[in-house]
file data.cif (mmCIF, C-alpha atoms)
data_entry
#
loop_
_atom_site.label_atom_id
_atom_site.label_comp_id
_atom_site.auth_asym_id
_atom_site.auth_seq_id
_atom_site.Cartn_x
_atom_site.Cartn_y
_atom_site.Cartn_z
CA MET A 1 85.86 71.74 102.47
CA ASN A 2 82.82 74.00 102.27
CA GLY A 3 80.26 74.10 105.06
CA THR A 4 82.50 72.57 107.72
CA THR A 5 83.68 73.59 111.20
CA TRP A 6 87.29 74.68 111.68
CA HIS A 7 89.29 75.60 114.73
CA LEU A 8 90.22 79.27 115.16
CA LEU A 9 93.37 80.16 117.12
CA THR A 10 94.88 83.58 117.85
CA THR A 11 98.31 83.75 119.51
CA LYS A 12 99.69 87.26 119.90
CA ASP A 13 103.29 88.24 120.61
CA HIS A 14 104.89 84.79 120.65
CA THR A 15 108.59 84.27 120.04
CA PRO A 16 109.76 83.23 116.56
CA ALA A 17 110.47 79.68 117.76
CA GLU A 18 107.07 79.41 119.45
CA ASN A 19 105.27 80.62 116.32
CA MET A 20 106.95 78.10 114.03
CA ALA A 21 106.59 75.31 116.61
CA ILE A 22 102.84 75.90 116.90
CA ASP A 23 102.41 75.81 113.12
CA GLU A 24 104.31 72.52 112.84
CA ALA A 25 102.55 70.99 115.85
CA VAL A 26 99.08 71.90 114.59
CA ALA A 27 99.96 70.39 111.21
CA THR A 28 100.89 67.16 112.98
CA PHE A 29 97.71 67.15 115.08
CA VAL A 30 95.50 67.90 112.06
CA ALA A 31 97.15 65.14 110.01
CA ARG A 32 96.49 62.66 112.84
CA GLY A 33 92.85 63.70 113.09
CA GLU A 34 93.33 65.09 116.62
CA LEU A 35 92.27 68.57 115.48
CA LYS A 36 89.90 69.99 112.90
CA PRO A 37 91.28 72.15 110.07
CA THR A 38 92.69 75.23 111.75
CA LEU A 39 92.89 78.93 110.90
CA ARG A 40 95.43 80.77 113.01
CA PHE A 41 96.44 84.43 113.39
CA TYR A 42 99.59 85.48 115.21
CA SER A 43 102.19 88.18 115.79
CA TRP A 44 105.87 88.19 116.73
CA ALA A 45 107.73 89.37 119.85
CA PRO A 46 110.47 90.16 119.28
CA HIS A 47 110.34 91.06 115.61
CA ALA A 48 112.21 88.47 113.56
CA ILE A 49 113.27 87.31 110.14
CA SER A 50 112.08 83.94 108.93
CA VAL A 51 113.99 82.24 106.14
CA GLY A 52 112.68 79.63 103.74
CA ARG A 53 113.31 75.96 104.44
CA PHE A 54 116.00 75.71 101.75
CA GLN A 55 117.29 79.29 101.81
CA ARG A 56 121.01 79.78 102.45
CA ALA A 57 120.81 81.99 105.52
CA THR A 58 124.57 82.00 106.01
CA ARG A 59 124.97 83.51 102.54
CA ASP A 60 121.98 85.87 102.44
CA LEU A 61 121.91 87.37 105.95
CA ASP A 62 124.36 89.64 107.78
CA ARG A 63 124.64 88.18 111.30
CA ALA A 64 126.43 91.24 112.67
CA ARG A 65 123.69 93.60 111.48
CA LEU A 66 121.01 91.25 112.76
CA LYS A 67 122.64 91.40 116.19
CA THR A 68 122.88 95.19 116.04
CA ASN A 69 119.19 95.44 115.12
CA ASP A 70 118.29 92.80 117.76
CA ILE A 71 116.47 90.70 115.17
CA PRO A 72 116.57 86.90 115.62
CA VAL A 73 116.29 84.45 112.73
CA VAL A 74 114.11 81.37 112.50
CA ARG A 75 113.80 78.85 109.67
CA ARG A 76 110.32 77.98 108.41
CA LEU A 77 109.01 74.60 107.30
CA THR A 78 107.90 76.26 104.06
CA GLY A 79 110.13 77.35 101.22
CA GLY A 80 110.62 80.77 99.70
CA ARG A 81 112.73 83.74 100.67
CA ALA A 82 113.27 85.80 103.82
CA VAL A 83 110.47 87.77 105.50
CA LEU A 84 110.81 90.45 108.19
CA HIS A 85 107.99 89.87 110.67
CA ALA A 86 107.46 93.19 112.42
CA ASP A 87 104.27 95.26 112.28
CA GLU A 88 102.08 92.59 110.74
CA LEU A 89 99.45 89.92 111.11
CA THR A 90 100.64 86.44 110.20
CA TYR A 91 98.09 83.81 109.25
CA SER A 92 98.29 80.06 108.87
CA VAL A 93 95.71 77.64 107.53
CA ILE A 94 96.23 73.94 108.13
CA LEU A 95 94.18 71.12 106.57
CA PRO A 96 94.47 67.36 106.19
CA GLU A 97 96.01 66.56 102.81
CA THR A 98 93.11 64.20 102.06
CA MET A 99 90.42 66.82 102.63
CA PRO A 100 87.72 66.60 99.93
CA SER A 101 87.84 69.35 97.27
CA LEU A 102 91.41 70.34 98.20
CA PRO A 103 93.41 70.18 94.94
CA THR A 104 96.41 67.86 94.93
CA ASN A 105 98.22 70.34 92.69
CA VAL A 106 100.22 72.71 94.92
CA ILE A 107 99.61 75.85 92.83
CA GLU A 108 95.87 75.20 92.62
CA SER A 109 95.55 74.46 96.35
CA TYR A 110 97.52 77.64 97.02
CA ARG A 111 95.09 79.62 94.86
CA LEU A 112 92.11 78.05 96.64
CA LEU A 113 93.34 78.77 100.17
CA THR A 114 94.49 82.27 99.26
CA GLU A 115 90.90 83.06 98.30
CA GLY A 116 90.13 83.41 102.01
CA VAL A 117 92.93 85.96 102.29
CA ARG A 118 91.73 87.83 99.20
CA ARG A 119 88.21 88.10 100.60
CA GLY A 120 89.64 89.32 103.90
CA TYR A 121 91.28 92.19 102.07
CA GLN A 122 88.08 92.84 100.15
CA SER A 123 86.13 93.13 103.41
CA LEU A 124 88.58 95.85 104.48
CA GLY A 125 87.97 97.72 101.24
CA VAL A 126 91.31 96.71 99.71
CA PRO A 127 90.99 95.63 96.03
CA ALA A 128 93.58 92.84 96.28
CA GLU A 129 93.62 90.47 93.33
CA PHE A 130 95.62 87.44 92.28
CA SER A 131 98.89 88.07 90.52
CA VAL A 132 99.84 85.62 87.77
CA PRO A 133 103.22 86.03 86.03
CA LEU A 134 102.31 86.31 82.35
CA THR A 135 105.46 87.51 80.62
CA ASP A 136 108.76 85.75 80.10
CA ALA A 137 110.44 88.45 82.19
CA ASP A 138 108.03 87.86 85.09
CA ARG A 139 108.60 84.12 84.99
CA GLU A 140 112.37 84.58 84.80
CA ALA A 141 112.20 86.85 87.87
CA LEU A 142 110.58 84.00 89.78
CA ARG A 143 113.13 81.48 88.59
CA LYS A 144 116.09 83.76 89.34
CA PRO A 145 115.03 86.29 92.03
CA LYS A 146 117.05 89.50 92.20
CA SER A 147 117.27 89.38 95.99
CA ALA A 148 116.73 87.11 98.98
CA VAL A 149 113.71 89.17 100.11
CA CYS A 150 110.26 87.57 99.85
CA PHE A 151 108.29 90.69 98.89
CA ASP A 152 110.68 91.52 96.03
CA ALA A 153 108.43 89.74 93.51
CA ALA A 154 104.97 88.19 93.31
CA SER A 155 104.64 84.48 92.64
CA TYR A 156 101.73 82.55 91.14
CA TYR A 157 98.47 83.58 92.82
CA GLU A 158 100.10 85.98 95.26
CA LEU A 159 97.91 88.97 96.11
CA ALA A 160 98.68 92.42 94.78
CA VAL A 161 97.16 95.89 94.64
CA ASP A 162 97.93 97.91 91.50
CA GLY A 163 100.76 95.51 90.73
CA ARG A 164 102.38 95.79 94.17
CA LYS A 165 102.56 92.69 96.36
CA ILE A 166 100.50 93.04 99.54
CA ALA A 167 100.83 89.56 101.05
CA GLY A 168 103.55 86.94 101.02
CA SER A 169 102.54 83.31 101.51
CA ALA A 170 104.08 79.86 101.25
CA GLN A 171 102.75 76.30 101.40
CA VAL A 172 104.14 72.90 102.32
CA ARG A 173 102.80 69.35 102.55
CA HIS A 174 103.97 67.96 105.87
CA GLN A 175 103.31 64.40 107.08
CA GLY A 176 99.75 64.31 105.75
CA ALA A 177 98.81 67.95 106.32
CA VAL A 178 98.81 71.04 104.13
CA LEU A 179 100.26 74.08 105.88
CA GLN A 180 99.96 77.49 104.26
CA HIS A 181 101.08 80.55 106.16
CA GLY A 182 101.74 84.12 105.18
CA SER A 183 102.70 87.64 106.18
CA ILE A 184 100.19 90.50 106.05
CA PRO A 185 102.32 93.61 106.69
CA LEU A 186 100.53 96.54 108.30
CA SER A 187 103.60 98.71 107.72
CA ILE A 188 107.05 98.02 106.26
CA ASP A 189 110.38 99.38 107.47
CA ASP A 190 112.53 98.68 104.44
CA ASP A 191 115.59 100.34 106.03
CA VAL A 192 115.66 97.74 108.81
CA LEU A 193 114.74 94.95 106.40
CA PHE A 194 117.58 95.53 103.95
CA ASP A 195 120.07 96.33 106.69
CA CYS A 196 119.89 92.67 107.68
CA PHE A 197 121.06 91.31 104.31
CA SER A 198 124.55 90.68 103.03
CA MET A 199 124.76 93.12 100.13
CA GLU A 200 127.18 95.74 98.92
CA ALA A 201 125.97 99.31 99.49
CA ASP A 202 125.14 100.00 95.83
CA GLU A 203 123.37 96.65 95.46
CA LYS A 204 121.37 97.36 98.60
CA ALA A 205 120.33 100.79 97.32
CA ARG A 206 119.11 99.30 94.03
CA ALA A 207 117.24 96.54 95.87
CA LYS A 208 115.47 99.03 98.16
CA GLU A 209 114.44 101.17 95.21
CA ARG A 210 113.09 98.14 93.37
CA PHE A 211 111.33 96.87 96.50
CA SER A 212 109.41 100.12 97.05
CA GLY A 213 107.77 99.70 93.65
CA LYS A 214 106.90 96.05 94.16
CA ALA A 215 105.55 95.85 97.74
CA VAL A 216 102.93 97.74 99.70
CA ALA A 217 101.64 97.52 103.28
CA LEU A 218 98.06 97.61 104.48
CA ASN A 219 98.31 100.98 106.27
CA GLU A 220 99.58 102.64 103.09
CA THR A 221 96.86 101.06 100.98
CA LEU A 222 94.10 102.09 103.39
CA GLY A 223 95.52 105.53 104.15
CA ARG A 224 95.11 104.92 107.87
CA THR A 225 96.59 102.89 110.72
CA ILE A 226 94.85 99.57 111.25
CA ALA A 227 95.07 97.32 114.30
CA PHE A 228 95.85 93.60 114.43
CA ASP A 229 92.40 92.70 115.83
CA GLU A 230 90.56 94.50 113.02
CA VAL A 231 92.61 92.67 110.41
CA ALA A 232 92.11 89.31 112.15
CA ALA A 233 88.34 89.85 112.24
CA ALA A 234 88.27 90.77 108.56
CA PHE A 235 90.30 87.71 107.56
CA THR A 236 88.11 85.46 109.71
CA ASP A 237 85.15 86.82 107.75
CA GLY A 238 87.07 86.28 104.51
CA PHE A 239 87.65 82.59 105.19
CA ARG A 240 84.11 82.15 106.53
CA ASP A 241 82.69 83.71 103.37
CA ALA A 242 85.01 81.84 100.99
CA PHE A 243 84.30 78.38 102.39
CA ASP A 244 81.00 78.73 104.30
CA LEU A 245 82.73 77.92 107.58
CA THR A 246 81.84 77.95 111.24
CA PHE A 247 84.64 78.32 113.79
CA GLU A 248 85.26 77.01 117.27
CA PRO A 249 88.12 77.97 119.60
CA LEU A 250 91.19 75.77 119.81
CA VAL A 251 92.50 74.80 123.26
CA PHE A 252 95.55 72.54 123.38
CA THR A 253 95.67 69.51 125.67
CA ASP A 254 98.57 69.06 128.08
CA THR A 255 100.07 66.45 125.75
CA GLN A 256 99.78 68.78 122.76
CA GLN A 257 101.39 71.61 124.74
CA GLU A 258 104.33 69.34 125.55
CA THR A 259 104.76 68.56 121.85
CA ILE A 260 104.88 72.28 121.14
CA ARG A 261 107.48 72.83 123.88
CA GLN A 262 109.71 70.16 122.35
CA LEU A 263 109.40 71.72 118.91
CA VAL A 264 110.30 75.15 120.34
CA LEU A 265 113.73 73.71 121.23
CA LYS A 266 114.22 72.71 117.59
CA TYR A 267 113.32 76.15 116.26
CA GLU A 268 115.48 77.92 118.86
CA SER A 269 118.59 76.03 117.80
CA ASP A 270 121.27 77.61 115.61
CA ASP A 271 121.70 74.23 113.97
CA TRP A 272 118.17 74.49 112.56
CA SER A 273 118.09 78.19 111.69
CA TRP A 274 121.62 78.52 110.30
CA LYS A 275 122.27 75.04 108.94
CA ARG A 276 122.46 76.33 105.36
#

call {"tool": "encode", "arguments": {"input": "data.cif", "output": "structure tokens"}}
result
Amino acid sequence: MNGTTWHLLTTKDHTPAENMAIDEAVATFVARGELKPTLRFYSWAPHAISVGRFQRATRDLDRARLKTNDIPVVRRLTGGRAVLHADELTYSVILPETMPSLPTNVIESYRLLTEGVRRGYQSLGVPAEFSVPLTDADREALRKPKSAVCFDAASYYELAVDGRKIAGSAQVRHQGAVLQHGSIPLSIDDDVLFDCFSMEADEKARAKERFSGKAVALNETLGRTIAFDEVAAAFTDGFRDAFDLTFEPLVFTDTQQETIRQLVLKYESDDWSWKR
């Protein structure tokens, strides 16, 4: 893995379906050997909620409130719980599953790839470190989460600052590729976030209170407003430093663009997003 050339791709303000389609398509192209390993940064327009591959969206989300807030839903290839993608940078890193030095163990490969994210935070002056659940209570919280919200608890090798989760990531092995993507919130609107979930009022109030002590955004940590491009540059440096990489731009062929367009139709469909 170290000392190689990767593709670098930045796609700002794409729709939820486009964002998920590009991640899946790049995973397919990388697995086939059509593309080099790829680091991607992207943002969302409109803002959206993504749900985990096996999450029960019909149970966890309030469709009426989503419509009121004008927030669409898209289902990810990766597992985990729901994420509100609003004022954030989202990253994805996609590698062939057979890449030398990439651990076959999911948790260890997650830790390895998240090192690039950790160093990106470090380059911004944010002392993010790996969170490892050590107590029985922490491990039980992972096994039986208190809410359907991703940032409600840190998993193995998530990144945290002073015990508060600062990044939410997930990984999947897909047809010969490893896809890891994650949310780097610049700010968090927890009122909008929790308004989209099916909870009783008292349950929602308790969840919001708990959430504020367990999650933190980059602007709050830095004490200033930071722009997408500055974060993307820092995380590029983080991955370059972690794995001694060089980067070259990624330009899709016409055939690859058609594959992406076909996948967009999948991710736009209610059957995909609301099937559970």

call {"tool": "atom_distance", "arguments": {"input": "data.cif", "atom1": "CA of Lys266 in chain A", "atom2": "CA of Glu24 in chain A"}}
result
11.0 Å

call {"tool": "resolve_selection", "arguments": {"input": "data.cif", "expression": "the PyMOL selection byres ((chain A and resi 191) around 12)", "output": "list in words"}}
result
Arg65, Asn69, Leu84, Ile188, Asp189, Asp190, Val192, Leu193, Phe194, Asp195, Cys196, Phe197, Lys204, Ala205, Ala207, Lys208, Glu209, Phe211 and Ser212 of chain A

call {"tool": "residues_around", "arguments": {"input": "data.cif", "residues": "Ala233 in chain A", "least_positions_apart": "5", "cutoff": "12 Å", "atoms": "all atoms listed in the file", "output": "PyMOL selection string"}}
result
chain A and resi 8-10+39-41+89+91+117+119-121+123-124+226-228+238-240

call {"tool": "resolve_selection", "arguments": {"input": "data.cif", "expression": "the PyMOL selection byres ((chain A and resi 187) around 12)", "output": "MDAnalysis selection string"}}
result
chainID A and resid 84:89 166:167 183:186 188:190 193 215:228

call {"tool": "closest_residue", "arguments": {"input": "data.cif", "among": "A:Asp70, A:Val264, A:Asp162, A:Val251", "to": "His14 in chain A", "atoms": "all atoms listed in the file"}}
result
A:Val264

call {"tool": "closest_residue", "arguments": {"input": "data.cif", "among": "A:Ser43, A:His174, A:Leu66, A:Gly3", "to": "Asp229 in chain A", "atoms": "only C-alpha atoms"}}
result
A:Ser43

call {"tool": "residues_around", "arguments": {"input": "data.cif", "residues": "Leu95 in chain A", "least_positions_apart": "2", "cutoff": "8 Å", "atoms": "all atoms listed in the file", "output": "tab-separated table (two decimals) with C-alpha atoms, in the coordinates of the input"}}
result
chain	number	residue	atom	x	y	z
A	27	ALA	CA	99.96	70.39	111.21
A	30	VAL	CA	95.50	67.90	112.06
A	31	ALA	CA	97.15	65.14	110.01
A	36	LYS	CA	89.90	69.99	112.90
A	37	PRO	CA	91.28	72.15	110.07
A	38	THR	CA	92.69	75.23	111.75
A	93	VAL	CA	95.71	77.64	107.53
A	97	GLU	CA	96.01	66.56	102.81
A	99	MET	CA	90.42	66.82	102.63
A	177	ALA	CA	98.81	67.95	106.32
A	178	VAL	CA	98.81	71.04	104.13
A	179	LEU	CA	100.26	74.08	105.88

call {"tool": "residues_around", "arguments": {"input": "data.cif", "residues": "Asp244 in chain A", "least_positions_apart": "6", "cutoff": "10 Å", "atoms": "only C-alpha atoms", "output": "PyMOL selection string"}}
result
chain A and resi 1-5+237-238
